[in-house]
Amino acid sequence: MTNTVGVLVMSYGTPENMESIEAYYTHIRRGRPPEPEQLKELTDRYEAIVGGVFPLRENTDNQVKALQETLNKDERSNEVEFRCYQGLKHAYPFIEDGVEQMAKDGIQTAIGIVLAPHFSTMSVGSYIKRAREKAEELGIQMSFIESYHLHPKLIQALSTRVSAKLDAFEEAGAKRGDVRVLFSAHSLPARIVDIGDPYPQQLLETSEVIASRLGITNWQFTWQSAGRTAEPWLGPDILDTLQELAREQVEDVLVAPIGFVSDHLEVLYDLDIEAKAIAKEIDMRLMRIDSLNSDPLYMETLSDVIISQWQQGTDV
């Protein structure tokens, strides 16, 4: 397998079906089963968005497949075959399972990448730590891509989506410049700021580049989907932001959840159901941009950074 390079594609993971929600939630809670009311709340959220069908699992499967096809179509990869493996943080196949499968297939050289453009020690960093430990145990030489938040094709894909939804606001009678654009991402515990974690800054950089590219001046950043723990999380939360915008008499809001690359629960429920319910209460028109999912430009973004990483490794 000397001409095959493994690619470990890592993401958070989701239950395969309604029956596996409890095991999934227990894993997130580090082996502690959820209380009945906690389990019911999460189950209700999945039922509310998709009626028992889990698009995130299908989306991730499709992303892994599309990425492998994109990698092997690239003219720079004619010397090798790239083979993609999936590794999930909280569901099967776990990150360690993906690395083990590489070893079984005889993979000796690999690259790890997370389906999240922005680096944090508490998110992407934790994925990399698990993959690195398993790769070292199994004798696989694996390097990692920590972030790709300013890749031109990623910026292009996101900018296209923002512009398309601003067009939709205009068609609905709003003035483009009056639409408040809210860039958002998953909140993390606020203590990451004290350790100099790059996550907040990288998200602002992505937002600023998109806004500059499209000539948007009416924008701000907000957080969403904070965990329910005793410690403070990064804010303000988008639900609070919407209430503040209502007090400012902002009538049209576009949410661009740039921290998410798929139709996650945090998009399909936290934005499409919860945030839209708030917006309806305060008589605000709220839209969000379409998720990247398997968009060719996003696949080309991932492919480019992976091949560049591989080339750097082969040049050493």
# chains A, B, ... in the order shown; residues from 1 in each chain; ligands from 1
>>> residues_around(residues="Arg76 in chain A", least_positions_apart="6", cutoff="10 Å", atoms="only C-alpha atoms", output="VMD selection string")
chain A and resid 304 307 to 308 311
>>> residues_around(residues="range 97-111 of chain A", least_positions_apart="5", cutoff="8 Å", atoms="only C-alpha atoms", output="ChimeraX atom specification")
/A:1-2,4-8,85-87,92,131,134-135,138-145,306,309-310
>>> closest_residue(among="A:Ile195, A:Ser212, A:Leu204, A:Val255", to="Leu166 in chain A", atoms="only C-alpha atoms")
A:Val255
>>> atom_distance(atom1="CA of His186 in chain A", atom2="CA of Ser225 in chain A")
5.6 Å
>>> residues_around(residues="Leu254 in chain A", least_positions_apart="5", cutoff="6 Å", atoms="only C-alpha atoms", output="compact mmCIF listing (two decimals) with N, CA and C atoms, in the first residue's frame")
# COMPACT_ATOMS: atom_id res chain seq x y z
N VAL A 181 -26.62 40.87 8.92
CA VAL A 181 -26.03 39.55 8.73
C VAL A 181 -25.38 39.12 10.04
N LEU A 286 -36.46 36.17 9.33
CA LEU A 286 -35.17 35.51 9.56
C LEU A 286 -34.94 34.44 8.51
N MET A 287 -33.80 34.48 7.89
CA MET A 287 -33.38 33.42 6.97
C MET A 287 -31.98 32.98 7.37
N ARG A 288 -31.57 31.81 6.88
CA ARG A 288 -30.18 31.38 7.05
C ARG A 288 -29.64 30.91 5.72
>>> atom_distance(atom1="CA of Thr241 in chain A", atom2="CA of Thr222 in chain A")
7.1 Å
>>> select_by_dssp(residues="range 131-186 of chain A", states="alpha helix (DSSP H)", output="ChimeraX atom specification")
/A:131-138,152-171
>>> residues_around(residues="Gln201 in chain A", least_positions_apart="5", cutoff="12 Å", atoms="only C-alpha atoms", output="MDAnalysis selection string")
chainID A and resid 118:120 149:150 185 192:193 196 206:208 221
>>> write_last_selection(atoms="all heavy atoms", output="compact mmCIF listing (two decimals), in the first residue's frame")
# COMPACT_ATOMS: atom_id res chain seq x y z
N HIS A 118 -12.39 25.85 11.55
CA HIS A 118 -11.76 26.71 12.56
C HIS A 118 -11.20 25.87 13.70
O HIS A 118 -11.86 24.98 14.21
CB HIS A 118 -12.77 27.73 13.09
CG HIS A 118 -13.45 28.50 12.00
ND1 HIS A 118 -14.60 28.02 11.38
CD2 HIS A 118 -13.15 29.68 11.41
CE1 HIS A 118 -14.96 28.90 10.44
NE2 HIS A 118 -14.10 29.90 10.45
N PHE A 119 -9.98 26.19 14.12
CA PHE A 119 -9.31 25.38 15.13
C PHE A 119 -9.60 25.86 16.54
O PHE A 119 -9.56 27.05 16.83
CB PHE A 119 -7.79 25.40 14.93
CG PHE A 119 -7.04 24.59 15.97
CD1 PHE A 119 -6.87 23.23 15.80
CD2 PHE A 119 -6.55 25.19 17.12
CE1 PHE A 119 -6.21 22.48 16.76
CE2 PHE A 119 -5.88 24.45 18.08
CZ PHE A 119 -5.71 23.09 17.90
N SER A 120 -9.86 24.90 17.41
CA SER A 120 -9.87 25.14 18.85
C SER A 120 -9.26 23.92 19.52
O SER A 120 -9.44 22.79 19.06
CB SER A 120 -11.28 25.36 19.39
OG SER A 120 -11.25 25.37 20.82
N HIS A 149 -9.67 28.00 7.50
CA HIS A 149 -10.77 28.95 7.60
C HIS A 149 -10.71 30.10 6.61
O HIS A 149 -11.70 30.80 6.43
CB HIS A 149 -10.84 29.50 9.02
CG HIS A 149 -9.68 30.37 9.40
ND1 HIS A 149 -8.39 29.88 9.53
CD2 HIS A 149 -9.61 31.70 9.66
CE1 HIS A 149 -7.59 30.86 9.88
NE2 HIS A 149 -8.29 31.97 9.94
N LEU A 150 -9.56 30.30 5.95
CA LEU A 150 -9.45 31.37 4.96
C LEU A 150 -9.15 30.84 3.56
O LEU A 150 -8.75 31.61 2.68
CB LEU A 150 -8.36 32.37 5.38
CG LEU A 150 -8.66 33.19 6.64
CD1 LEU A 150 -7.47 34.08 6.98
CD2 LEU A 150 -9.91 34.02 6.47
N ALA A 185 -21.35 30.58 15.13
CA ALA A 185 -20.64 29.30 15.29
C ALA A 185 -20.99 28.74 16.65
O ALA A 185 -21.55 29.43 17.51
CB ALA A 185 -19.13 29.50 15.16
N ILE A 192 -11.53 29.39 27.06
CA ILE A 192 -10.59 29.25 25.95
C ILE A 192 -9.93 30.59 25.62
O ILE A 192 -8.82 30.61 25.09
CB ILE A 192 -11.25 28.67 24.68
CG1 ILE A 192 -12.25 29.65 24.06
CG2 ILE A 192 -11.89 27.32 24.95
CD1 ILE A 192 -12.71 29.26 22.67
N VAL A 193 -10.60 31.68 25.94
CA VAL A 193 -10.02 33.00 25.68
C VAL A 193 -8.78 33.21 26.54
O VAL A 193 -7.77 33.78 26.09
CB VAL A 193 -11.06 34.11 25.95
CG1 VAL A 193 -10.42 35.49 25.79
CG2 VAL A 193 -12.25 33.96 25.01
N GLY A 196 -5.60 31.78 25.14
CA GLY A 196 -5.20 32.26 23.82
C GLY A 196 -5.63 31.38 22.67
O GLY A 196 -4.98 31.35 21.62
N THR A 206 -12.82 34.83 9.16
CA THR A 206 -13.68 34.32 8.09
C THR A 206 -14.83 35.29 7.83
O THR A 206 -15.15 35.60 6.67
CB THR A 206 -14.23 32.94 8.47
OG1 THR A 206 -13.15 32.03 8.69
CG2 THR A 206 -15.10 32.38 7.34
N SER A 207 -15.46 35.77 8.89
CA SER A 207 -16.58 36.70 8.76
C SER A 207 -16.16 37.98 8.05
O SER A 207 -16.84 38.47 7.14
CB SER A 207 -17.14 37.05 10.15
OG SER A 207 -17.51 35.89 10.86
N GLU A 208 -15.03 38.51 8.46
CA GLU A 208 -14.55 39.78 7.90
C GLU A 208 -14.23 39.65 6.41
O GLU A 208 -14.54 40.55 5.62
CB GLU A 208 -13.32 40.26 8.67
CG GLU A 208 -13.66 40.76 10.07
CD GLU A 208 -12.42 40.93 10.94
OE1 GLU A 208 -11.32 40.52 10.51
OE2 GLU A 208 -12.57 41.48 12.05
N PHE A 221 -21.04 39.34 14.79
CA PHE A 221 -20.84 37.93 15.10
C PHE A 221 -21.61 37.58 16.36
O PHE A 221 -21.70 38.38 17.29
CB PHE A 221 -19.36 37.61 15.29
CG PHE A 221 -19.09 36.12 15.31
CD1 PHE A 221 -18.87 35.45 14.13
CD2 PHE A 221 -19.12 35.42 16.50
CE1 PHE A 221 -18.67 34.06 14.13
CE2 PHE A 221 -18.93 34.05 16.51
CZ PHE A 221 -18.70 33.37 15.33
>>> select_by_dssp(residues="range 40-216 of chain A", states="strand (DSSP E or B)", output="PyMOL selection string")
chain A and resi 81-88+94+109-114+141-145+180-186+189
>>> write_last_selection(atoms="C-alpha atoms", output="PDB file, in the first residue's frame")
ATOM      1  CA  GLU A  81      -4.431   6.813  -4.473  1.00  0.00           C
ATOM      2  CA  PHE A  82      -6.158   8.638  -1.643  1.00  0.00           C
ATOM      3  CA  ARG A  83      -8.443   6.455   0.440  1.00  0.00           C
ATOM      4  CA  CYS A  84     -10.807   8.170   2.882  1.00  0.00           C
ATOM      5  CA  TYR A  85     -11.817   6.741   6.246  1.00  0.00           C
ATOM      6  CA  GLN A  86     -14.431   8.136   8.575  1.00  0.00           C
ATOM      7  CA  GLY A  87     -13.749   8.759  12.260  1.00  0.00           C
ATOM      8  CA  LEU A  88     -16.460  10.131  14.561  1.00  0.00           C
ATOM      9  CA  PHE A  94     -15.129   6.228  16.238  1.00  0.00           C
ATOM     10  CA  THR A 109       1.009   7.177   5.592  1.00  0.00           C
ATOM     11  CA  ALA A 110      -2.080   9.207   6.399  1.00  0.00           C
ATOM     12  CA  ILE A 111      -3.475  12.698   6.830  1.00  0.00           C
ATOM     13  CA  GLY A 112      -6.166  13.711   9.285  1.00  0.00           C
ATOM     14  CA  ILE A 113      -8.683  16.482   8.729  1.00  0.00           C
ATOM     15  CA  VAL A 114     -11.768  17.603  10.650  1.00  0.00           C
ATOM     16  CA  GLN A 141       2.696   8.092  10.062  1.00  0.00           C
ATOM     17  CA  MET A 142      -0.136  10.599  10.262  1.00  0.00           C
ATOM     18  CA  SER A 143       0.006  14.378   9.893  1.00  0.00           C
ATOM     19  CA  PHE A 144      -2.887  16.740  10.523  1.00  0.00           C
ATOM     20  CA  ILE A 145      -4.567  19.821   9.100  1.00  0.00           C
ATOM     21  CA  ARG A 180     -28.375  42.454   9.442  1.00  0.00           C
ATOM     22  CA  VAL A 181     -26.030  39.553   8.729  1.00  0.00           C
ATOM     23  CA  LEU A 182     -25.268  37.406  11.764  1.00  0.00           C
ATOM     24  CA  PHE A 183     -22.239  35.167  11.386  1.00  0.00           C
ATOM     25  CA  SER A 184     -22.411  32.382  13.957  1.00  0.00           C
ATOM     26  CA  ALA A 185     -20.643  29.304  15.288  1.00  0.00           C
ATOM     27  CA  HIS A 186     -20.923  26.814  18.118  1.00  0.00           C
ATOM     28  CA  PRO A 189     -16.485  27.525  27.293  1.00  0.00           C
TER      29      PRO A 189
END
>>> residues_around(residues="range 26-28 of chain A", least_positions_apart="2", cutoff="12 Å", atoms="only C-alpha atoms", output="ChimeraX atom specification")
/A:12-15,20-24,30-36,38-39,42,88-92,94,227
>>> write_last_selection(atoms="N, CA, C and O atoms", output="CSV table (one decimal), in the first residue's frame")
chain,number,residue,atom,x,y,z
A,12,TYR,N,-18.1,15.2,14.4
A,12,TYR,CA,-18.7,15.0,15.7
A,12,TYR,C,-19.4,13.7,15.8
A,12,TYR,O,-19.4,13.0,16.8
A,13,GLY,N,-20.2,13.4,14.8
A,13,GLY,CA,-21.0,12.2,14.8
A,13,GLY,C,-22.4,12.4,15.2
A,13,GLY,O,-22.8,13.5,15.8
A,14,THR,N,-23.3,11.5,14.9
A,14,THR,CA,-24.7,11.6,15.2
A,14,THR,C,-25.3,10.2,15.4
A,14,THR,O,-24.7,9.2,14.8
A,15,PRO,N,-26.4,10.0,16.1
A,15,PRO,CA,-27.0,8.7,16.2
A,15,PRO,C,-27.4,8.2,14.8
A,15,PRO,O,-27.8,8.9,13.9
A,20,SER,N,-30.6,4.6,19.1
A,20,SER,CA,-29.2,4.8,19.5
A,20,SER,C,-28.9,6.1,20.1
A,20,SER,O,-27.8,6.4,20.4
A,21,ILE,N,-29.9,7.0,20.3
A,21,ILE,CA,-29.7,8.3,20.9
A,21,ILE,C,-29.2,8.2,22.3
A,21,ILE,O,-28.2,8.9,22.7
A,22,GLU,N,-29.7,7.3,23.1
A,22,GLU,CA,-29.2,7.2,24.5
A,22,GLU,C,-27.7,6.8,24.6
A,22,GLU,O,-27.0,7.4,25.4
A,23,ALA,N,-27.3,5.8,23.8
A,23,ALA,CA,-25.9,5.5,23.8
A,23,ALA,C,-25.0,6.6,23.3
A,23,ALA,O,-23.9,6.9,23.9
A,24,TYR,N,-25.5,7.3,22.3
A,24,TYR,CA,-24.8,8.5,21.8
A,24,TYR,C,-24.6,9.6,22.9
A,24,TYR,O,-23.5,10.1,23.1
A,30,ARG,N,-19.4,11.2,28.7
A,30,ARG,CA,-18.3,10.4,29.2
A,30,ARG,C,-18.7,9.2,30.1
A,30,ARG,O,-18.1,9.0,31.1
A,31,GLY,N,-19.7,8.5,29.5
A,31,GLY,CA,-20.1,7.3,30.2
A,31,GLY,C,-21.2,7.4,31.2
A,31,GLY,O,-21.7,6.4,31.7
A,32,ARG,N,-21.7,8.7,31.4
A,32,ARG,CA,-22.8,8.9,32.4
A,32,ARG,C,-24.1,9.0,31.6
A,32,ARG,O,-24.3,9.9,30.8
A,33,PRO,N,-25.0,8.0,31.9
A,33,PRO,CA,-26.3,8.1,31.1
A,33,PRO,C,-27.0,9.4,31.4
A,33,PRO,O,-27.0,9.9,32.5
A,34,PRO,N,-27.7,9.9,30.4
A,34,PRO,CA,-28.5,11.1,30.7
A,34,PRO,C,-29.7,10.9,31.5
A,34,PRO,O,-30.2,9.7,31.6
A,35,GLU,N,-30.1,11.9,32.2
A,35,GLU,CA,-31.4,11.8,33.0
A,35,GLU,C,-32.5,11.7,32.0
A,35,GLU,O,-32.4,12.1,30.9
A,36,PRO,N,-33.6,11.0,32.5
A,36,PRO,CA,-34.8,10.8,31.5
A,36,PRO,C,-35.3,12.1,30.8
A,36,PRO,O,-35.6,12.1,29.6
A,38,GLN,N,-33.4,14.7,30.2
A,38,GLN,CA,-32.4,15.1,29.2
A,38,GLN,C,-32.5,14.3,27.9
A,38,GLN,O,-32.5,14.8,26.8
A,39,LEU,N,-32.7,13.0,28.1
A,39,LEU,CA,-32.9,12.1,26.9
A,39,LEU,C,-34.1,12.5,26.1
A,39,LEU,O,-34.1,12.5,24.9
A,42,LEU,N,-33.5,15.7,24.0
A,42,LEU,CA,-32.7,15.5,22.8
A,42,LEU,C,-33.5,14.7,21.8
A,42,LEU,O,-33.5,15.0,20.6
A,88,LEU,N,-15.5,9.3,13.8
A,88,LEU,CA,-16.5,10.1,14.6
A,88,LEU,C,-16.1,10.2,16.0
A,88,LEU,O,-15.6,9.3,16.6
A,89,LYS,N,-16.4,11.4,16.6
A,89,LYS,CA,-16.0,11.7,18.0
A,89,LYS,C,-16.9,10.9,19.0
A,89,LYS,O,-16.4,10.4,20.0
A,90,HIS,N,-18.2,10.8,18.7
A,90,HIS,CA,-19.1,10.3,19.6
A,90,HIS,C,-20.0,9.2,19.1
A,90,HIS,O,-21.0,8.8,19.7
A,91,ALA,N,-19.7,8.6,17.9
A,91,ALA,CA,-20.5,7.5,17.4
A,91,ALA,C,-19.6,6.6,16.5
A,91,ALA,O,-18.5,7.0,16.2
A,92,TYR,N,-20.1,5.4,16.3
A,92,TYR,CA,-19.4,4.5,15.4
A,92,TYR,C,-19.5,4.9,13.9
A,92,TYR,O,-20.6,5.3,13.5
A,94,PHE,N,-15.8,5.2,15.5
A,94,PHE,CA,-15.1,6.2,16.2
A,94,PHE,C,-13.8,6.6,15.6
A,94,PHE,O,-13.4,5.9,14.6
A,227,GLY,N,-23.3,24.8,25.6
A,227,GLY,CA,-23.7,23.7,26.5
A,227,GLY,C,-24.3,24.2,27.8
A,227,GLY,O,-24.1,25.3,28.2
>>> closest_residue(among="A:Ala164, A:Leu71, A:Ile289, A:Val209", to="Leu268 in chain A", atoms="only C-alpha atoms")
A:Ile289
>>> residues_around(residues="Leu242 in chain A", least_positions_apart="6", cutoff="9 Å", atoms="only C-alpha atoms", output="list in words")
Val250, Val253, Ala275, Ile278, Ala279, Ile282 and Met284 of chain A
>>> write_last_selection(atoms="all heavy atoms", output="short mmCIF file (atom, residue, chain, number, x, y, z; two decimals), in the first residue's frame")
data_model
loop_
_atom_site.label_atom_id
_atom_site.label_comp_id
_atom_site.auth_asym_id
_atom_site.auth_seq_id
_atom_site.Cartn_x
_atom_site.Cartn_y
_atom_site.Cartn_z
N VAL A 250 -34.51 46.24 14.11
CA VAL A 250 -34.03 45.52 12.93
C VAL A 250 -35.12 44.53 12.52
O VAL A 250 -35.58 43.73 13.34
CB VAL A 250 -32.71 44.78 13.22
CG1 VAL A 250 -32.30 43.93 12.02
CG2 VAL A 250 -31.61 45.78 13.57
N VAL A 253 -33.09 39.71 9.18
CA VAL A 253 -31.84 39.13 9.68
C VAL A 253 -31.48 37.88 8.88
O VAL A 253 -32.33 37.00 8.66
CB VAL A 253 -31.95 38.76 11.17
CG1 VAL A 253 -30.69 38.06 11.65
CG2 VAL A 253 -32.22 40.01 12.01
N ALA A 275 -34.60 29.45 16.73
CA ALA A 275 -34.37 30.86 16.42
C ALA A 275 -35.51 31.44 15.59
O ALA A 275 -35.93 32.59 15.80
CB ALA A 275 -33.04 31.04 15.69
N ILE A 278 -38.43 32.39 17.78
CA ILE A 278 -38.20 33.68 18.44
C ILE A 278 -38.44 34.82 17.46
O ILE A 278 -39.09 35.82 17.78
CB ILE A 278 -36.77 33.74 19.00
CG1 ILE A 278 -36.58 32.72 20.12
CG2 ILE A 278 -36.44 35.16 19.49
CD1 ILE A 278 -37.36 33.02 21.38
N ALA A 279 -37.91 34.66 16.25
CA ALA A 279 -38.06 35.72 15.24
C ALA A 279 -39.54 35.96 14.93
O ALA A 279 -39.96 37.11 14.76
CB ALA A 279 -37.30 35.33 13.97
N ILE A 282 -41.21 38.09 17.59
CA ILE A 282 -40.85 39.51 17.60
C ILE A 282 -41.04 40.15 16.23
O ILE A 282 -40.52 41.24 15.97
CB ILE A 282 -39.40 39.71 18.11
CG1 ILE A 282 -38.40 38.90 17.27
CG2 ILE A 282 -39.29 39.30 19.58
CD1 ILE A 282 -36.96 39.02 17.74
N MET A 284 -39.94 39.42 13.18
CA MET A 284 -38.69 39.61 12.44
C MET A 284 -38.61 38.58 11.33
O MET A 284 -38.95 37.41 11.52
CB MET A 284 -37.50 39.44 13.41
CG MET A 284 -36.13 39.51 12.77
SD MET A 284 -34.85 39.19 14.02
CE MET A 284 -34.92 40.70 15.00
#
>>> atom_distance(atom1="CA of Glu274 in chain A", atom2="CA of Ile258 in chain A")
18.1 Å
>>> residues_around(residues="Lys175 in chain A", least_positions_apart="6", cutoff="10 Å", atoms="only C-alpha atoms", output="list in words")
Leu166, Asp167, Phe169 and Asp252 of chain A
